[in-house]
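Structure data (mmCIF, C-alpha atoms) from coords23.cif:
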data_model
loop_
_atom_site.label_atom_id
_atom_site.label_comp_id
_atom_site.auth_asym_id
_atom_site.auth_seq_id
_atom_site.Cartn_x
_atom_site.Cartn_y
_atom_site.Cartn_z
CA MET B 1 3.18 -170.28 -35.86
CA SER B 2 5.91 -171.25 -33.45
CA ASP B 3 3.78 -173.45 -31.15
CA ARG B 4 4.11 -177.05 -32.31
CA ARG B 5 2.75 -178.76 -29.21
CA LEU B 6 0.22 -181.53 -29.65
CA GLU B 7 -2.77 -181.44 -27.35
CA PRO B 8 -3.73 -184.81 -25.78
CA GLY B 9 -5.33 -187.03 -28.42
CA GLU B 10 -4.66 -184.48 -31.16
CA SER B 11 -3.70 -185.64 -34.67
CA LEU B 12 -1.17 -183.90 -36.90
CA ARG B 13 -4.03 -182.78 -39.14
CA VAL B 14 -5.89 -181.17 -36.25
CA ARG B 15 -2.75 -179.60 -34.78
CA VAL B 16 -1.70 -178.03 -38.08
CA GLY B 17 -5.24 -176.76 -38.64
CA ARG B 18 -5.40 -175.37 -35.09
CA MET B 19 -2.16 -173.43 -35.41
CA LEU B 20 -2.98 -172.11 -38.88
CA SER B 21 -6.45 -170.99 -37.76
CA LEU B 22 -4.98 -169.20 -34.74
CA ALA B 23 -2.47 -167.43 -36.99
CA ILE B 24 -5.27 -166.38 -39.34
CA ILE B 25 -7.59 -165.24 -36.53
CA SER B 26 -4.84 -163.15 -34.91
CA GLY B 27 -3.73 -161.57 -38.18
CA GLU B 28 -0.29 -163.19 -38.04
CA LEU B 29 -1.29 -164.64 -41.42
CA ALA B 30 -2.90 -161.64 -43.08
CA PRO B 31 -5.71 -161.81 -45.64
CA GLY B 32 -4.24 -162.48 -49.07
CA THR B 33 -1.30 -164.49 -47.76
CA LEU B 34 -0.53 -167.43 -50.05
CA LEU B 35 0.12 -170.74 -48.29
CA THR B 36 1.66 -173.70 -50.07
CA VAL B 37 1.51 -177.25 -48.75
CA PRO B 38 5.28 -177.90 -49.06
CA ARG B 39 6.18 -174.67 -47.25
CA VAL B 40 3.74 -175.24 -44.38
CA ALA B 41 4.83 -178.88 -44.12
CA GLY B 42 8.42 -177.69 -43.76
CA GLN B 43 7.48 -175.17 -41.06
CA PHE B 44 5.74 -177.86 -39.01
CA ALA B 45 8.25 -180.62 -39.88
CA VAL B 46 5.49 -182.96 -41.02
CA SER B 47 4.57 -184.68 -44.28
CA ALA B 48 2.37 -183.04 -46.89
CA THR B 49 -0.68 -185.23 -46.19
CA PRO B 50 -1.81 -183.78 -42.81
CA VAL B 51 -1.12 -180.26 -44.10
CA ARG B 52 -3.25 -180.78 -47.21
CA GLU B 53 -6.03 -182.26 -45.09
CA ALA B 54 -5.83 -179.34 -42.66
CA MET B 55 -5.97 -176.85 -45.54
CA LEU B 56 -9.09 -178.50 -46.93
CA ASP B 57 -10.67 -178.34 -43.46
CA LEU B 58 -9.84 -174.63 -43.25
CA GLU B 59 -11.29 -174.07 -46.72
CA LYS B 60 -14.60 -175.60 -45.61
CA ARG B 61 -14.61 -173.23 -42.63
CA GLY B 62 -13.91 -170.20 -44.85
CA PHE B 63 -10.41 -169.44 -43.56
CA VAL B 64 -8.69 -170.05 -46.92
CA GLU B 65 -9.58 -170.46 -50.57
CA THR B 66 -7.94 -172.60 -53.24
CA VAL B 67 -5.65 -170.89 -55.74
CA ARG B 68 -5.29 -173.14 -58.76
CA ASN B 69 -1.79 -174.58 -59.20
CA LYS B 70 -0.44 -172.41 -56.37
CA GLY B 71 -1.92 -173.38 -53.01
CA PHE B 72 -4.33 -171.66 -50.67
CA ARG B 73 -4.94 -167.97 -49.98
CA VAL B 74 -6.05 -166.59 -46.62
CA THR B 75 -9.50 -165.07 -47.01
CA ALA B 76 -10.65 -161.71 -45.73
CA VAL B 77 -13.68 -161.06 -43.53
CA SER B 78 -15.67 -158.00 -44.55
CA ASP B 79 -16.47 -155.26 -42.08
CA GLU B 80 -20.15 -156.12 -42.53
CA LEU B 81 -19.64 -159.77 -41.59
CA LEU B 82 -17.43 -158.83 -38.62
CA GLN B 83 -20.13 -156.44 -37.42
CA ASP B 84 -22.76 -159.17 -37.80
CA LEU B 85 -20.66 -161.66 -35.83
CA VAL B 86 -20.09 -159.15 -33.04
CA GLU B 87 -23.79 -158.28 -32.95
CA ILE B 88 -24.74 -161.94 -32.46
CA ARG B 89 -22.05 -162.40 -29.80
CA LEU B 90 -23.39 -159.37 -27.94
CA LEU B 91 -26.82 -161.00 -27.88
CA LEU B 92 -25.44 -164.22 -26.38
CA GLU B 93 -22.30 -163.75 -24.30
CA PRO B 94 -23.02 -160.78 -21.99
CA PRO B 95 -26.40 -162.20 -20.81
CA ALA B 96 -24.70 -165.57 -20.34
CA MET B 97 -22.13 -164.02 -18.01
CA ALA B 98 -24.91 -162.28 -16.08
CA ARG B 99 -26.52 -165.68 -15.53
CA VAL B 100 -23.19 -167.22 -14.50
CA ALA B 101 -22.79 -164.46 -11.88
CA GLY B 102 -26.01 -165.61 -10.29
CA ALA B 103 -24.64 -169.08 -9.55
CA PHE B 104 -20.86 -168.88 -9.78
CA PRO B 105 -19.12 -171.89 -8.15
CA ALA B 106 -16.68 -170.40 -5.64
CA GLU B 107 -14.75 -173.68 -5.48
CA ARG B 108 -13.67 -173.23 -9.11
CA LEU B 109 -12.45 -169.65 -8.80
CA ALA B 110 -8.79 -170.67 -8.36
CA ASP B 111 -8.91 -172.73 -11.57
CA PHE B 112 -10.43 -169.87 -13.51
CA ARG B 113 -7.85 -167.47 -12.05
CA ALA B 114 -5.08 -169.74 -13.35
CA GLN B 115 -6.64 -169.61 -16.82
CA ALA B 116 -6.83 -165.81 -16.65
CA ASP B 117 -3.18 -165.78 -15.58
CA ALA B 118 -2.34 -167.80 -18.72
CA ILE B 119 -4.09 -165.18 -20.86
CA VAL B 120 -2.13 -162.36 -19.19
CA ALA B 121 1.12 -164.32 -19.57
CA GLY B 122 0.46 -164.88 -23.27
CA ALA B 123 -0.20 -161.16 -23.73
CA GLY B 124 2.93 -160.22 -21.81
CA ALA B 125 5.09 -162.57 -23.88
CA GLY B 126 3.48 -161.53 -27.16
CA ASP B 127 2.55 -165.19 -27.70
CA LEU B 128 -0.67 -164.81 -29.67
CA PRO B 129 -1.43 -168.55 -30.04
CA ALA B 130 -1.10 -169.04 -26.27
CA TYR B 131 -3.16 -165.91 -25.64
CA LEU B 132 -5.97 -167.01 -27.97
CA LEU B 133 -6.07 -170.61 -26.75
CA ALA B 134 -6.22 -169.56 -23.10
CA ASP B 135 -8.80 -166.89 -23.91
CA GLN B 136 -11.08 -169.34 -25.70
CA ARG B 137 -10.74 -171.95 -22.97
CA LEU B 138 -11.70 -169.53 -20.20
CA HIS B 139 -14.70 -168.05 -21.97
CA LEU B 140 -16.08 -171.39 -23.12
CA GLU B 141 -15.61 -173.04 -19.72
CA LEU B 142 -17.39 -170.12 -18.03
CA THR B 143 -20.25 -170.44 -20.50
CA ALA B 144 -20.34 -174.21 -19.93
CA LEU B 145 -21.31 -173.54 -16.31
CA LEU B 146 -24.82 -172.86 -17.64
CA GLY B 147 -25.09 -176.46 -18.83
CA ASN B 148 -26.20 -175.52 -22.36
CA HIS B 149 -23.94 -177.38 -24.80
CA VAL B 150 -25.59 -175.80 -27.86
CA LEU B 151 -24.81 -172.34 -26.49
CA VAL B 152 -21.17 -173.30 -25.91
CA GLU B 153 -20.83 -174.71 -29.43
CA THR B 154 -22.50 -171.66 -30.97
CA ILE B 155 -20.24 -169.22 -29.13
CA ALA B 156 -17.17 -171.30 -30.00
CA ASP B 157 -18.08 -171.13 -33.69
CA LEU B 158 -18.74 -167.38 -33.56
CA ARG B 159 -15.43 -166.75 -31.78
CA GLU B 160 -13.51 -168.80 -34.35
CA ARG B 161 -15.11 -166.84 -37.19
CA THR B 162 -14.26 -163.47 -35.60
CA ARG B 163 -10.98 -162.27 -37.13
CA LEU B 164 -8.78 -160.22 -34.78
CA VAL B 165 -6.31 -158.87 -37.32
CA GLY B 166 -5.25 -156.03 -35.05
CA LEU B 167 -3.75 -158.34 -32.40
CA VAL B 168 -0.36 -158.42 -34.12
CA SER B 169 -0.01 -154.64 -33.89
CA MET B 170 -1.17 -154.70 -30.25
CA VAL B 171 1.77 -156.84 -29.15
CA GLU B 172 4.03 -153.78 -29.05
CA SER B 173 1.51 -151.69 -27.11
CA SER B 174 -0.16 -151.87 -23.71
CA ARG B 175 -3.59 -152.57 -25.21
CA LEU B 176 -3.13 -156.34 -25.42
CA ARG B 177 -2.27 -156.49 -21.71
CA THR B 178 -5.20 -154.18 -20.93
CA SER B 179 -7.67 -156.47 -22.70
CA ALA B 180 -6.04 -159.51 -21.05
CA ASP B 181 -6.48 -157.96 -17.59
CA GLU B 182 -10.23 -157.69 -18.24
CA HIS B 183 -10.51 -161.44 -17.64
CA HIS B 184 -9.50 -161.06 -13.99
CA ARG B 185 -11.97 -158.19 -13.62
CA LEU B 186 -14.68 -160.39 -15.12
CA LEU B 187 -13.88 -163.08 -12.57
CA ASP B 188 -14.07 -160.46 -9.81
CA HIS B 189 -17.62 -159.58 -10.88
CA LEU B 190 -18.66 -163.21 -11.25
CA ALA B 191 -17.27 -164.18 -7.85
CA ALA B 192 -19.06 -161.19 -6.27
CA GLY B 193 -22.33 -162.18 -7.92
CA ASP B 194 -22.52 -158.80 -9.68
CA ALA B 195 -24.52 -159.71 -12.78
CA ASP B 196 -24.83 -156.14 -14.11
CA ALA B 197 -21.09 -155.49 -13.91
CA ALA B 198 -20.24 -158.86 -15.47
CA GLU B 199 -22.62 -158.22 -18.36
CA ALA B 200 -21.32 -154.68 -18.93
CA LEU B 201 -17.69 -155.77 -18.92
CA MET B 202 -18.42 -158.63 -21.32
CA ARG B 203 -20.04 -156.16 -23.72
CA GLN B 204 -16.98 -153.94 -23.56
CA HIS B 205 -14.71 -156.95 -24.06
CA ILE B 206 -16.53 -158.20 -27.17
CA ARG B 207 -16.59 -154.73 -28.71
CA HIS B 208 -12.78 -154.85 -28.91
CA ALA B 209 -13.38 -157.12 -31.93
CA ILE B 210 -14.45 -154.06 -33.93
CA GLY B 211 -12.01 -151.77 -32.11
CA TRP B 212 -8.54 -152.61 -30.84
CA TRP B 213 -8.57 -156.21 -32.06
CA ALA B 214 -9.47 -154.97 -35.56
CA GLY B 215 -6.65 -152.43 -35.51
CA ARG B 216 -8.95 -149.46 -34.85
CA ALA B 217 -9.04 -146.81 -32.16
CA GLU B 218 -11.60 -146.99 -29.36
CA GLU B 219 -13.26 -144.27 -27.34
CA PRO B 220 -12.17 -144.39 -23.68
CA ARG B 221 -14.77 -146.21 -21.57
CA PRO B 222 -15.33 -146.06 -17.83
CA ARG B 223 -13.72 -148.94 -15.96
CA SER B 224 -16.23 -151.69 -15.17
#

Can the structure in the file be given as structure tokens, please?
Amino acid sequence: MSDRRLEPGESLRVRVGRMLSLAIISGELAPGTLLTVPRVAGQFAVSATPVREAMLDLEKRGFVETVRNKGFRVTAVSDELLQDLVEIRLLLEPPAMARVAGAFPAERLADFRAQADAIVAGAGAGDLPAYLLADQRLHLELTALLGNHVLVETIADLRERTRLVGLVSMVESSRLRTSADEHHRLLDHLAAGDADAAEALMRQHIRHAIGWWAGRAEEPRPRS
């Protein structure tokens, strides 16, 4: 939780909640970890009020649960729920990328490449918050090209609920960089208008959530 930057227009409450949620999603804060308001406030060099508010927000979203007279405990996501989340994402995101490939705006390719570069840089530096923020931004902005705000909001919610507890262990391996590089390959397919390849790669990418990103081995797959 080393990133203390405020995004434009972001309150302390939102910033603390953002960084805690990223740490929980990535597994940096493992299920069962006890968080106290004074300790978190000290880590972020802020008062207790925005931290308490952020914790209550995270509790509503299912990231933590209250422990009486102690603080908040990071919740676990069952294998069944993770599988359900991935199944829904597979129904939505790969077909969305196939549609984007059919009308990809060439004039925006450089901007999307820069976002993919940020993902690769975060992976290379082992900076999981930077990696996750850049990853979410790219995927949601690509989806937004379809002009369906409900779809973007739905995918954003599903992505935030998908725990990636294996990311921490991937920092010391080549797998994080491999999954980061897939974003440039996705852009290659989109720019070429190859809907089938874009959809197939997106399916492979999402399946990491129950493979590498969950700390599990994956069967080698042909390069898409």

On this structure, the PyMOL selection byres ((chain B and resi 58) around 12) would catch which residues? List them as a PDB file with C-alpha atoms, keeping the file's coordinate frame, sorted by chain and number.
ATOM      1  CA  ARG B  13      -4.030-182.780 -39.140  1.00  0.00           C
ATOM      2  CA  VAL B  14      -5.890-181.170 -36.250  1.00  0.00           C
ATOM      3  CA  VAL B  16      -1.700-178.030 -38.080  1.00  0.00           C
ATOM      4  CA  GLY B  17      -5.240-176.760 -38.640  1.00  0.00           C
ATOM      5  CA  ARG B  18      -5.400-175.370 -35.090  1.00  0.00           C
ATOM      6  CA  MET B  19      -2.160-173.430 -35.410  1.00  0.00           C
ATOM      7  CA  LEU B  20      -2.980-172.110 -38.880  1.00  0.00           C
ATOM      8  CA  SER B  21      -6.450-170.990 -37.760  1.00  0.00           C
ATOM      9  CA  LEU B  22      -4.980-169.200 -34.740  1.00  0.00           C
ATOM     10  CA  ILE B  24      -5.270-166.380 -39.340  1.00  0.00           C
ATOM     11  CA  ILE B  25      -7.590-165.240 -36.530  1.00  0.00           C
ATOM     12  CA  LEU B  35       0.120-170.740 -48.290  1.00  0.00           C
ATOM     13  CA  VAL B  51      -1.120-180.260 -44.100  1.00  0.00           C
ATOM     14  CA  ARG B  52      -3.250-180.780 -47.210  1.00  0.00           C
ATOM     15  CA  GLU B  53      -6.030-182.260 -45.090  1.00  0.00           C
ATOM     16  CA  ALA B  54      -5.830-179.340 -42.660  1.00  0.00           C
ATOM     17  CA  MET B  55      -5.970-176.850 -45.540  1.00  0.00           C
ATOM     18  CA  LEU B  56      -9.090-178.500 -46.930  1.00  0.00           C
ATOM     19  CA  ASP B  57     -10.670-178.340 -43.460  1.00  0.00           C
ATOM     20  CA  GLU B  59     -11.290-174.070 -46.720  1.00  0.00           C
ATOM     21  CA  LYS B  60     -14.600-175.600 -45.610  1.00  0.00           C
ATOM     22  CA  ARG B  61     -14.610-173.230 -42.630  1.00  0.00           C
ATOM     23  CA  GLY B  62     -13.910-170.200 -44.850  1.00  0.00           C
ATOM     24  CA  PHE B  63     -10.410-169.440 -43.560  1.00  0.00           C
ATOM     25  CA  VAL B  64      -8.690-170.050 -46.920  1.00  0.00           C
ATOM     26  CA  GLU B  65      -9.580-170.460 -50.570  1.00  0.00           C
ATOM     27  CA  THR B  66      -7.940-172.600 -53.240  1.00  0.00           C
ATOM     28  CA  PHE B  72      -4.330-171.660 -50.670  1.00  0.00           C
ATOM     29  CA  ARG B  73      -4.940-167.970 -49.980  1.00  0.00           C
ATOM     30  CA  VAL B  74      -6.050-166.590 -46.620  1.00  0.00           C
ATOM     31  CA  THR B  75      -9.500-165.070 -47.010  1.00  0.00           C
ATOM     32  CA  GLU B 160     -13.510-168.800 -34.350  1.00  0.00           C
ATOM     33  CA  ARG B 161     -15.110-166.840 -37.190  1.00  0.00           C
TER      34      ARG B 161
END

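The nearest approach to Thr154 (chain B) among the residues B:Thr36, B:His208, B:Leu109, B:Leu140, with all atoms listed in the file taken into account, belongs to B:Leu140.
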
Pick from B:Leu133, B:Val37, B:Leu82, B:Val120 nearest to Ala156 (chain B), counting only C-alpha atoms: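 Distance minimum relative to Ala156 (chain B) lands on B:Leu133.
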
Could you jot down the CA of Phe112 (chain B) to CA of Glu10 (chain B) separation for me, Å, one decimal place? 23.6 Å

Selected by the PyMOL selection byres ((chain B and resi 124) around 10) in the shown coordinates: which residues, as a PyMOL selection string? chain B and resi 118-123+125-128+131+171-172+174+176-177+180

Best match for closeness to Ala114 (chain B) among B:His184, B:Ala198, B:Asn69, B:Gly193, counting all atoms listed in the file: B:His184

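Remark: for Ile155 (chain B), the closest of the candidate residues B:Asp135, B:Glu199, B:Glu93, B:Asp194 is B:Glu93 (distances computed over all atoms listed in the file).
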
Who sits within 12 Å of Asp188 (chain B), only C-alpha atoms, same chain under 4 positions skipped, as an mmCIF file with C-alpha atoms, keeping the file's coordinate frame:
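Listed below is the output, result-v3.cif:
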data_model
loop_
_atom_site.group_PDB
_atom_site.id
_atom_site.type_symbol
_atom_site.label_atom_id
_atom_site.label_comp_id
_atom_site.auth_asym_id
_atom_site.auth_seq_id
_atom_site.Cartn_x
_atom_site.Cartn_y
_atom_site.Cartn_z
ATOM 1 C CA ALA B 101 -22.790 -164.460 -11.880
ATOM 2 C CA PHE B 104 -20.860 -168.880 -9.780
ATOM 3 C CA ALA B 106 -16.680 -170.400 -5.640
ATOM 4 C CA LEU B 109 -12.450 -169.650 -8.800
ATOM 5 C CA ALA B 110 -8.790 -170.670 -8.360
ATOM 6 C CA PHE B 112 -10.430 -169.870 -13.510
ATOM 7 C CA ARG B 113 -7.850 -167.470 -12.050
ATOM 8 C CA ALA B 116 -6.830 -165.810 -16.650
ATOM 9 C CA ASP B 181 -6.480 -157.960 -17.590
ATOM 10 C CA GLU B 182 -10.230 -157.690 -18.240
ATOM 11 C CA HIS B 183 -10.510 -161.440 -17.640
ATOM 12 C CA HIS B 184 -9.500 -161.060 -13.990
ATOM 13 C CA ALA B 192 -19.060 -161.190 -6.270
ATOM 14 C CA GLY B 193 -22.330 -162.180 -7.920
ATOM 15 C CA ASP B 194 -22.520 -158.800 -9.680
ATOM 16 C CA ALA B 195 -24.520 -159.710 -12.780
ATOM 17 C CA ALA B 197 -21.090 -155.490 -13.910
ATOM 18 C CA ALA B 198 -20.240 -158.860 -15.470
ATOM 19 C CA LEU B 201 -17.690 -155.770 -18.920
ATOM 20 C CA SER B 224 -16.230 -151.690 -15.170
#

What is the distance between CA of Ser179 (chain B) and CA of Ala200 (chain B), in Å to one decimal?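 About the pair CA of Ser179 (chain B) and CA of Ala200 (chain B): they are 14.3 Å apart.
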
Give the padded box for region 156-163 of chain B as lines of an AutoDock Vina configuration file: axis-aligned, covering all atoms listed in the file, 5 Å on each side, centre and edge lengths in Å to one decimal.
center_x = -14.9
center_y = -166.8
center_z = -33.6
size_x = 17.8
size_y = 19.0
size_z = 17.2

Have a look at B:Asp84, B:Phe44, B:Ala103, B:Ala209 and name the one nearest to Arg15 (chain B); count all atoms listed in the file. B:Phe44

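Excluding Glu141 (chain B) and any residue on its chain fewer than 5 positions from it, the residues at most 10 Å away by all atoms listed in the file are Phe112, Gln136, Leu146 and Val152 of chain B.
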
Please produce a file of those selected residues containing C-alpha atoms, as a JSON list (two decimals), in the frame of the given file.
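Writing the result to result14.json gives the following:
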[["chain", "number", "residue", "atom", "x", "y", "z"],
["B", 112, "PHE", "CA", -10.43, -169.87, -13.51],
["B", 136, "GLN", "CA", -11.08, -169.34, -25.70],
["B", 146, "LEU", "CA", -24.82, -172.86, -17.64],
["B", 152, "VAL", "CA", -21.17, -173.30, -25.91]]

What is the CA of Pro31 (chain B) to CA of Ile210 (chain B) distance in Å?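 Computing it gives 16.5 Å between the two atoms.
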
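Residue nearest Thr33 (chain B), chosen from B:Leu142, B:Val67, B:Ile88, B:Met97 and counting all atoms listed in the file: B:Val67.
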